[in-house]
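One structure is given here, and the rest of the page talks about it.
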There are 4 protein chains.
Amino acid sequence: MDSSISWREQLRIIVFQSDTPPGRRFDKILLVLILFSLLVAIIDSIEAVHRSYAAPLAWIEWTLTFIFAVEYLVRLYCSPKPLKYAFSFYGLIDLLAIVPGILAIYYSDAQYLLIVRVVRMLRIFRVLKLSPYLKQANYLLAALRGSKQKIIVFLATVSTLVTVFGTLMYVVEGPEHGFTSIPKGIYWAIVTLTTVGFGDIVPKTPIGQILSSLVMITGYSIIAVPTGIFTAELANAMRGDQLQHDCPVCAKNAHEPNAAFCSRCGNALFARSGSRDAPHPAQPDIST
Amino acid sequence: MDSSISWREQLRIIVFQSDTPPGRRFDKILLVLILFSLLVAIIDSIEAVHRSYAAPLAWIEWTLTFIFAVEYLVRLYCSPKPLKYAFSFYGLIDLLAIVPGILAIYYSDAQYLLIVRVVRMLRIFRVLKLSPYLKQANYLLAALRGSKQKIIVFLATVSTLVTVFGTLMYVVEGPEHGFTSIPKGIYWAIVTLTTVGFGDIVPKTPIGQILSSLVMITGYSIIAVPTGIFTAELANAMRGDQLQHDCPVCAKNAHEPNAAFCSRCGNALFARSGSRDAPHPAQPDIST
Amino acid sequence: MDSSISWREQLRIIVFQSDTPPGRRFDKILLVLILFSLLVAIIDSIEAVHRSYAAPLAWIEWTLTFIFAVEYLVRLYCSPKPLKYAFSFYGLIDLLAIVPGILAIYYSDAQYLLIVRVVRMLRIFRVLKLSPYLKQANYLLAALRGSKQKIIVFLATVSTLVTVFGTLMYVVEGPEHGFTSIPKGIYWAIVTLTTVGFGDIVPKTPIGQILSSLVMITGYSIIAVPTGIFTAELANAMRGDQLQHDCPVCAKNAHEPNAAFCSRCGNALFARSGSRDAPHPAQPDIST
Amino acid sequence: MDSSISWREQLRIIVFQSDTPPGRRFDKILLVLILFSLLVAIIDSIEAVHRSYAAPLAWIEWTLTFIFAVEYLVRLYCSPKPLKYAFSFYGLIDLLAIVPGILAIYYSDAQYLLIVRVVRMLRIFRVLKLSPYLKQANYLLAALRGSKQKIIVFLATVSTLVTVFGTLMYVVEGPEHGFTSIPKGIYWAIVTLTTVGFGDIVPKTPIGQILSSLVMITGYSIIAVPTGIFTAELANAMRGDQLQHDCPVCAKNAHEPNAAFCSRCGNALFARSGSRDAPHPAQPDIST
């Protein structure tokens with residue numbers, strides 16, 4: 001690195017950018033640390049593990065919290081606009097990542113802190129942001145964005161269906177078969193319509209079973225709707241590539257994939273040899 | 001508003017139309033009231049809530065019923081053809097929306113009225129009718145309508161499958177394993193074929209489990225059918241956005257949205273004065 | 001009907017053909033009778049119904065068997081080749097339809113006859129053969145036939161997966177958790193891979209649950225495969241329509257949907273006016 | 001066979017190649033033996049069968065092991081590069097296929113050997129390698145390979161979702177409702193998101209049921225993503241059957257399978273003697 005670049009600037013490149021070898025190395029180390037801290041949080045939640053290894057796991061957690069705290073301070077230090085960073089989405093996530101370790105010193109039984117510890121996972125996306133997978137994710141997001149309104153219409157229809165069916169089942173089956181209220185009925189309708197089928201609440205009366213069959217077949221059929229929407233949009237997003245060729249006359253440069261003439265000015269897109277309208281006597285008579 | 005428009009006419013515009021600011025505001029208030037009444041009906045069905053807050057909830061329900069009754073009378077008053085409105089689909093739904101509140105005065109334990117209270121939800125669709133989502137819903141409906149016959153063939157096949165498999169399972173497993181009758185067997189076959197799998201009735205005999213495996217793999221595979229049908233139709237419906245105009249020469253009828261000339265034969269799509277559009281006596285009349 | 005047509009010939013037209021009004025009427029009556037006999041068989045299997053209405057239901061069954069027997073004899077009588085009919089697919093189904101009623105006279109407790117009674121349902125397809133839905137069914141069948149080999153490859157992969165996973169789970173979980181043998185393990189793997197998830201056998205050990213998660217995510221993802229296969233084939237079957245236009249020179253009459261020139265002989269498919277290669281001075285310079 | 005081909009060479013052709021009648025016959029016999037050994041392993045795991053037929057099944061297993069051992073030695077003997085074969089994928093699978101039978105002599109209770117016995121199944125793919133289904137499998141593999149990156153993005157999103165939802169459910173429901181640890185919560189989230197829904201762990205608290213509904217609807221909707229990805233890629237892979245040849249003039253590179261001229265610019269796709277293919281000095285060199 002050029003010595004004319006300040007120490008702070010060099011830090012900034014390593015910490016915030018991913019297109020230099022040290023930046024990439026930093027990102028990789030960070031990724032490993034985040035995944036490791038996630039793993040620690042997950043296995044710490046297992047009763048048997050927590051009882052036997054509470055001390056070493058807490059020690060690892062404190063160490064990781066210390067490292068993340070240092071990282072946060074470094075980011076604050078070398079960011080060109082520290083305040084803007086501190087209140088950005090990733091800045092808040094970074095801050096959140098060090099809070100649980102500090103709070104855990106005071107509250108020994110901090111189960112709710114677990115959620116915050118798992119939220120650290122979101123930091124992975126910052127690291128992944130510049131990976132080759134980004135382009136693929138963009139295709140998927142474009143397809144999702146393109147189908148947003150259709151998806152909302154679909155979800156509204158599904159909501160109406162589960163409300164109506166949930167109410168019907170509550171009235172038909174009643175509390176004695178587990179349908180203790182309309183919200184419970186709606187929960188059952190969602191479980192059934194999405195074809196999950198836990199089986200914790202099941203219809204017992206013949207009418208309830210007929211209604212259930214209706215819900216199930218509906219759910220089984222309308223799964224086609226989000227799939228159809230998404231497939232059609234994704235095919236669009238992937239196809240997108242029109243013929244890129246400047247029309248020799250009007251310079252329009254995007255055409256139907258197999259256009260022969262410019263659709264705006266009517267001139268041939270590609271020059272052709274020979275007197276094209278003259279009859280070709282030598283042409284053999286080929287019949288399909 | 002112009003004072004030359006009668007009071008009744010002004011009311012009609014607010015109540016029945018959604019393309020003026022007061023009409024939109026009216027629709028929004030109505031939407032909130034409907035959703036609120038739905039919410040009240042739903043939480044009222046929870047035993048604990050009903051026991052503690054029966055009085056205030058009943059009071060809310062009566063108030064809402066009164067508002068809906070007023071709305072219904074206003075609609076009757078300002079509709080140009082009151083009778084036609086009264087017997088239209090939405091007219092009946094609107095009437096239905098005020099019935100349960102009135103009946104509830106006489107029947108305190110009117111569980112079946114709940115269904116009617118939830119039917120109010122259908123009124124939401126009247127309000128949504130003019131939203132920007134309507135176009136998207138139309139795409140979906142067009143795709144569904146286009147695939148109607150194929151869907152019926154599919155459902156007929158599914159019906160045959162569940163009847164045959166339900167009977168087979170009834171014979172193979174018998175009442176001692178929960179398959180107490182053919183309808184029960186058909187119910188089980190629907191639960192299994194749609195991959196819901198409640199687990200309230202499960203095969204116990206080896207032959208029953210082999211048959212079940214068959215049903216499951218069939219269900220898992222043929223879900224491809226409605227999806228394929230709907231996707232293909234939706235892709236058609238969405239492609240439809242091309243310029244639909246028969247080329248006067250070659251009859252190609254789908255073009256880029258802003259094409260001026262046919263991309264196949266290079267002729268102008270729309271007649272224009274000048275030498276290019278001189279009548280072509282030699283032109284054969286080709287119609288698709 | 002023409003009196004010159006023999007009585008037997010007239011009967012044949014009514015019984016075997018569906019394109020005359022009497023033939024259609026005969027088919028409709030038959031359809032109703034078949035569905036009615038199916039319904040009787042189904043509700044007869046309900047214990048409570050059977051106990052109360054055994055006599056009238058048996059009487060109905062005998063009557064229907066008698067009608068189907070008469071129909072079978074008429075078909076034999078008026079068929080041009082009675083033997084060929086008797087051993088054809090539908091001939092055997094027709095015979096099977098009258099067997100259970102006759103056998104039931106001797107065996108009062110003939111539960112297995114139920115299957116035969118339900119097999120009558122297959123006769124519905126004969127009646128439906130000429131309905132307007134046939135064309136749609138053909139689209140679906142064409143798509144299925146086109147994807148047959150791919151579906152076999154898919155099913156072979158699924159079979160391998162469930163065998164391997166079933167064995168692994170049998171070894172990992174063992175008989176004490178319900179995985180009493182490899183066939184049971186395979187049954188569980190099918191239940192899980194197809195996302196049915198009865199819940200009659202569930203993994204209890206951590207390794208078993210990790211393996212299960214793998215099976216579930218595999219099942220959830222590869223459902224895309226039959227769907228993709230079928231959708232692609234159906235889109236092909238529905239698109240199928242190429243541009244139908246005789247090339248003026250070589251008479252090839254099927255082209256890419258928006259071809260401008262015959263792809264075999266290179267001549268313009270549609271005549272075009274004007275000197276096409278001459279520069280157009282009047283052409284405005286339109287830039288995109 | 002030519003006598004000039006050595007005995008070892010003749011063996012090699014039979015054993016390693018599938019394009020001669022004896023080679024095909026050898027493959028078929030091998031396929032039957034593998035499937036038979038698989039079947040024996042599977043039914044041997046059924047407790048009742050094992051108790052009654054332990055001796056004959058063990059005898060069959062030893063015979064099959066002996067045959068596979070002979071086959072392995074023959075392959076080693078006639079392979080041109082025995083060491084390379086021994087350490088190739090199929091070489092190791094072939095070796096693994098004979099290990100369990102030998103080990104079973106010393107360890108009578110070798111349940112873990114079962115897995116190795118089932119691994120023999122993988123040898124089927126060697127036999128299938130040259131079947132007509134290979135081309136179809138290649139289509140599917142091409143589509144999977146094309147969508148690999150998108151599938152990874154999808155699986156990463158699913159992993160994040162199940163981790164976050166699993167943790168939330170662990171915190172909300174707690175050990176008293178079966179969510180004894182975060183891994184258990186993640187297992188539940190996978191069961192629910194994939195719509196399997198065993199029902200061994202179900203939410204009991206209202207908040208837990210609301211969260212579950214969210215997971216279910218998410219799972220029900222995002223199944224559209226792998227399906228959309230795969231369908232779009234498969235449609236691409238299947239369309240690929242067009243003639244791939246760059247038009248020398250306009251560079252259009254996909255044509256009807258039997259095209260002779262470019263359907264876009266009308267020039268001959270393949271050079272030919274004659275006036276039509278005279279060099280075009282004015283032709284600009286356009287490359288895509």
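Following the order of the structure tokens, chains are lettered A, B, ..., residues in each are numbered from 1, and ligands are numbered from 1.
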
Could you build a table of the residues in chain D lying no more than 6 Å from chain A, giving for each the nearest pair of atoms and their separation in Å rounded to one decimal place, using only C-alpha atoms, ordered by chain and ascending residue number, as JSON lines?
{"residue": "D:Lys150", "atom": "CA", "partner": "A:Gln136", "partner_atom": "CA", "distance": 5.4}
{"residue": "D:Ser181", "atom": "CA", "partner": "A:Ile46", "partner_atom": "CA", "distance": 4.9}
{"residue": "D:Ile182", "atom": "CA", "partner": "A:Ile42", "partner_atom": "CA", "distance": 5.5}
{"residue": "D:Thr195", "atom": "CA", "partner": "A:Val196", "partner_atom": "CA", "distance": 4.1}
{"residue": "D:Val196", "atom": "CA", "partner": "A:Val196", "partner_atom": "CA", "distance": 5.4}
{"residue": "D:Gly197", "atom": "CA", "partner": "A:Phe198", "partner_atom": "CA", "distance": 4.6}
{"residue": "D:Phe198", "atom": "CA", "partner": "A:Phe198", "partner_atom": "CA", "distance": 5.6}
{"residue": "D:Gly199", "atom": "CA", "partner": "A:Phe198", "partner_atom": "CA", "distance": 4.1}
{"residue": "D:Tyr220", "atom": "CA", "partner": "A:Thr194", "partner_atom": "CA", "distance": 5.6}
{"residue": "D:Ala224", "atom": "CA", "partner": "A:Thr227", "partner_atom": "CA", "distance": 4.0}
{"residue": "D:Gly228", "atom": "CA", "partner": "A:Thr231", "partner_atom": "CA", "distance": 4.0}
{"residue": "D:Ala232", "atom": "CA", "partner": "A:Ala235", "partner_atom": "CA", "distance": 5.5}
{"residue": "D:Arg264", "atom": "CA", "partner": "A:Ala260", "partner_atom": "CA", "distance": 4.6}
{"residue": "D:Cys265", "atom": "CA", "partner": "A:Ala260", "partner_atom": "CA", "distance": 5.7}

* Could you name the residues that touch segment 67-71 of chain D at 10 Å or less, counting only C-alpha atoms, but leaving out those on the same chain fewer than 5 positions away, as JSON, numbers by chain? -> {"D": [15, 30, 33, 34, 61, 62, 76, 77, 94, 95, 97, 98, 99, 101, 102]}

Store the residues picked out above, limited to N, CA and C atoms, as an mmCIF file, in the first residue's frame.
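As written to disk, part-v1.cif reads:
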data_model
loop_
_atom_site.group_PDB
_atom_site.id
_atom_site.type_symbol
_atom_site.label_atom_id
_atom_site.label_comp_id
_atom_site.auth_asym_id
_atom_site.auth_seq_id
_atom_site.Cartn_x
_atom_site.Cartn_y
_atom_site.Cartn_z
ATOM 1 N N VAL D 15 -17.111 -56.799 -19.587
ATOM 2 C CA VAL D 15 -17.282 -56.298 -18.239
ATOM 3 C C VAL D 15 -17.415 -54.768 -18.198
ATOM 4 N N LEU D 30 -25.964 -58.322 -13.925
ATOM 5 C CA LEU D 30 -25.443 -57.591 -12.774
ATOM 6 C C LEU D 30 -26.549 -56.772 -12.106
ATOM 7 N N LEU D 33 -28.753 -58.954 -10.080
ATOM 8 C CA LEU D 33 -28.081 -59.400 -8.855
ATOM 9 C C LEU D 33 -28.049 -58.281 -7.816
ATOM 10 N N ILE D 34 -27.759 -57.055 -8.260
ATOM 11 C CA ILE D 34 -27.677 -55.927 -7.320
ATOM 12 C C ILE D 34 -29.043 -55.693 -6.679
ATOM 13 N N GLU D 61 -26.707 -64.084 1.025
ATOM 14 C CA GLU D 61 -25.813 -62.942 1.135
ATOM 15 C C GLU D 61 -24.366 -63.356 0.847
ATOM 16 N N TRP D 62 -23.958 -64.524 1.412
ATOM 17 C CA TRP D 62 -22.589 -64.991 1.174
ATOM 18 C C TRP D 62 -22.368 -65.307 -0.303
ATOM 19 N N LEU D 76 -10.479 -56.085 -11.891
ATOM 20 C CA LEU D 76 -9.079 -55.745 -11.612
ATOM 21 C C LEU D 76 -8.163 -56.376 -12.659
ATOM 22 N N TYR D 77 -8.454 -57.639 -12.976
ATOM 23 C CA TYR D 77 -7.601 -58.390 -13.901
ATOM 24 C C TYR D 77 -7.620 -57.790 -15.307
ATOM 25 N N ASP D 94 -17.374 -50.785 -5.810
ATOM 26 C CA ASP D 94 -17.347 -52.225 -6.074
ATOM 27 C C ASP D 94 -16.681 -52.958 -4.921
ATOM 28 N N LEU D 95 -15.610 -52.374 -4.385
ATOM 29 C CA LEU D 95 -14.916 -52.992 -3.252
ATOM 30 C C LEU D 95 -15.843 -52.999 -2.026
ATOM 31 N N ALA D 97 -18.873 -53.124 -1.935
ATOM 32 C CA ALA D 97 -19.996 -54.049 -2.106
ATOM 33 C C ALA D 97 -19.675 -55.432 -1.571
ATOM 34 N N ILE D 98 -18.377 -55.772 -1.477
ATOM 35 C CA ILE D 98 -18.048 -57.130 -1.011
ATOM 36 C C ILE D 98 -17.584 -57.139 0.446
ATOM 37 N N VAL D 99 -17.337 -55.948 0.999
ATOM 38 C CA VAL D 99 -16.842 -55.886 2.372
ATOM 39 C C VAL D 99 -17.855 -56.423 3.393
ATOM 40 N N GLY D 101 -20.254 -58.617 3.397
ATOM 41 C CA GLY D 101 -20.406 -60.060 3.446
ATOM 42 C C GLY D 101 -19.245 -60.705 4.187
ATOM 43 N N ILE D 102 -18.028 -60.180 3.950
ATOM 44 C CA ILE D 102 -16.835 -60.748 4.596
ATOM 45 C C ILE D 102 -16.822 -60.405 6.087
#

* Enumerate, as an MDAnalysis selection string, the complete set of residues in segment 108-181 of chain A that a backbone-based DSSP assignment places in helix (DSSP H, G or I). => chainID A and resid 113:128 134:146 148:173 175:177
